[in-house]
Amino acid sequence: METEGQRGVLYVTDDAQTARGLKKRGKAVLVYLHPGNEDQDFSEFLFAVEDPEDLEAEYVERVYRRLKGLPWNILGTARCLIRETVPGDVDAFYQIYSHPAITEYMEGLYPDVEEERQYVRDYIEKVYTFFGFGVWTVVERESGDVIGRAGFSYREGFDEPELGFIIGVPWQRRGYAEEVCRAVLAYGWSALEFEQVQALVEPGNVPSIKLCEKLGFRKAADVSVGEKEYCRFIIYKPH
């Protein structure tokens, strides 16, 4: 069975030998599991389905893109596209992070560019693929420029997903952070079914604190993480 993706063909098969042959030829393969092939080994394949007739177009596209190393387009706003990060974004990240105002309250990038690119490759494989979400790249629609990052992550010691965001200095004070964060939160409620989200902000980071409050976060506590102190903000899914 061949299913059309946005940029190619996703092959669906219930035979392990056929699947391996397609994969060896560089094809995108989705495995169809059913009682008749329980004895076959499909462990090397990333995606499987039990009812191929119910495949939705968005799922087909995302499976195809993952298997072909293409980023998922997560969501859009009036002025921005939020998509998965790719190694090609790294050069733009170094430009954004080169401004001292960015790294004052945020961890910097690897000193070596190739180390950062490898980090992105590992992130795609281990975070995007496992969780289905992460911190994504923000692209300005009009120019096509990478202007920042936003998304969700889990921090050790906390149960709630955490909202993170950064907008490069040249694009600040234009409402991009609020626009993007509102959309990302809405995606968290609807697509990821989060019930609550936290944000950890250093006390001196006044602009981020004000943005969190504007988004509807409420301060829950002051917390210590390692050697740093944070204001912990919480927002609950609207009902």
# chains A, B, ... in the order shown; residues from 1 in each chain; ligands from 1

$ select_by_dssp --residues "segment 4-115 of chain A" --states "strand (DSSP E)" --output "list in words"
Glu4, Val9, Leu10, Tyr11, Val12, Thr13, Ala28, Val29, Leu30, Val31, Tyr32, Ala48, Val49, Asn73, Ile74, Leu75, Gly76, Cys80, Leu81, Ile82 and Arg83 of chain A

$ write_last_selection --atoms "C-alpha atoms" --output "mmCIF file, in the first residue's frame"
data_model
loop_
_atom_site.group_PDB
_atom_site.id
_atom_site.type_symbol
_atom_site.label_atom_id
_atom_site.label_comp_id
_atom_site.auth_asym_id
_atom_site.auth_seq_id
_atom_site.Cartn_x
_atom_site.Cartn_y
_atom_site.Cartn_z
ATOM 1 C CA GLU A 4 0.751 10.008 -0.457
ATOM 2 C CA VAL A 9 5.280 8.355 -0.776
ATOM 3 C CA LEU A 10 4.885 6.516 2.523
ATOM 4 C CA TYR A 11 4.860 2.753 2.051
ATOM 5 C CA VAL A 12 2.620 0.657 4.321
ATOM 6 C CA THR A 13 3.336 -3.068 4.530
ATOM 7 C CA ALA A 28 9.702 5.697 4.145
ATOM 8 C CA VAL A 29 7.974 2.663 5.659
ATOM 9 C CA LEU A 30 5.039 2.369 8.042
ATOM 10 C CA VAL A 31 4.406 -1.130 9.388
ATOM 11 C CA TYR A 32 0.894 -2.612 9.518
ATOM 12 C CA ALA A 48 3.522 1.032 13.153
ATOM 13 C CA VAL A 49 -0.261 1.118 12.797
ATOM 14 C CA ASN A 73 5.479 22.024 10.962
ATOM 15 C CA ILE A 74 3.889 22.369 14.392
ATOM 16 C CA LEU A 75 1.668 25.441 14.118
ATOM 17 C CA GLY A 76 1.352 28.882 12.650
ATOM 18 C CA CYS A 80 5.261 33.175 12.429
ATOM 19 C CA LEU A 81 5.721 29.503 11.655
ATOM 20 C CA ILE A 82 6.704 27.250 14.539
ATOM 21 C CA ARG A 83 8.414 24.100 13.299
#

$ atom_distance --atom1 "atom CA of Val120 of chain A" --atom2 "atom CA of Gly168 of chain A"
18.9 Å

$ residues_around --residues "Tyr236 of chain A" --least-positions-apart "4" --cutoff "7 Å" --atoms "only C-alpha atoms" --output "MDAnalysis selection string"
chainID A and resid 195:197

$ closest_atom_pairs --of "segment 204-227 of chain A" --to "segment 152-166 of chain A" --cutoff "10 Å" --atoms "only C-alpha atoms" --output "Markdown table"
| residue | atom | partner | partner_atom | distance |
| --- | --- | --- | --- | --- |
| A:Ser208 | CA | A:Phe165 | CA | 9.2 |
| A:Cys212 | CA | A:Leu163 | CA | 9.7 |
| A:Val225 | CA | A:Gly157 | CA | 8.9 |

$ closest_residue --among "A:Ser143, A:Gln198, A:Gln40, A:Thr85" --to "Tyr123 of chain A" --atoms "only C-alpha atoms"
A:Thr85

$ select_by_dssp --residues "segment 58-216 of chain A" --states "alpha helix (DSSP H)" --output "compact mmCIF listing (two decimals) with C-alpha atoms, in the first residue's frame"
# COMPACT_ATOMS: atom_id res chain seq x y z
CA GLU A 58 -1.61 14.87 9.08
CA TYR A 59 -0.29 11.64 10.62
CA VAL A 60 0.84 10.34 7.22
CA GLU A 61 2.70 13.56 6.51
CA ARG A 62 4.38 13.62 9.91
CA VAL A 63 5.49 10.00 9.72
CA TYR A 64 6.88 10.59 6.23
CA ARG A 65 8.71 13.75 7.31
CA ARG A 66 10.21 12.05 10.38
CA LEU A 67 11.47 9.11 8.35
CA VAL A 90 22.22 26.43 14.10
CA ASP A 91 23.95 29.29 12.29
CA ALA A 92 20.95 31.53 12.96
CA PHE A 93 20.95 30.45 16.61
CA TYR A 94 24.55 31.58 17.01
CA GLN A 95 23.58 34.99 15.66
CA ILE A 96 20.69 35.23 18.12
CA TYR A 97 22.71 34.01 21.10
CA PRO A 100 24.66 39.50 25.68
CA ALA A 101 21.02 40.22 26.58
CA ILE A 102 20.07 36.72 25.42
CA THR A 103 22.61 34.76 27.45
CA VAL A 113 29.24 24.76 15.90
CA GLU A 114 29.42 21.09 14.92
CA GLU A 115 28.77 20.06 18.54
CA GLU A 116 25.59 22.14 18.48
CA ARG A 117 24.51 20.60 15.18
CA GLN A 118 25.05 17.12 16.63
CA TYR A 119 23.04 18.14 19.68
CA VAL A 120 20.18 19.08 17.34
CA ARG A 121 20.43 15.74 15.52
CA ASP A 122 20.30 13.87 18.83
CA TYR A 123 17.40 16.07 20.00
CA THR A 129 10.60 11.27 18.22
CA PHE A 130 10.02 10.03 21.77
CA PHE A 131 7.79 12.81 23.16
CA TYR A 176 6.36 38.22 18.76
CA ALA A 177 7.00 36.53 22.11
CA GLU A 178 3.40 36.95 23.26
CA GLU A 179 2.02 35.88 19.86
CA VAL A 180 4.15 32.76 19.74
CA CYS A 181 3.73 31.76 23.39
CA ARG A 182 -0.06 32.08 23.26
CA ALA A 183 -0.13 29.79 20.23
CA VAL A 184 2.28 27.30 21.79
CA LEU A 185 0.21 27.15 24.98
CA ALA A 186 -2.98 26.61 22.97
CA TYR A 187 -1.25 23.75 21.18
CA GLY A 188 -0.20 22.32 24.53
CA TRP A 189 -3.80 22.32 25.75
CA SER A 190 -5.43 20.97 22.58
CA VAL A 206 11.56 41.37 34.43
CA PRO A 207 10.39 41.26 30.77
CA SER A 208 9.85 37.49 30.94
CA ILE A 209 8.04 37.79 34.28
CA LYS A 210 5.72 40.42 32.82
CA LEU A 211 5.07 38.26 29.76
CA CYS A 212 4.24 35.23 31.92
CA GLU A 213 1.75 37.30 33.88
CA LYS A 214 0.24 38.65 30.66
CA LEU A 215 -0.16 35.10 29.36
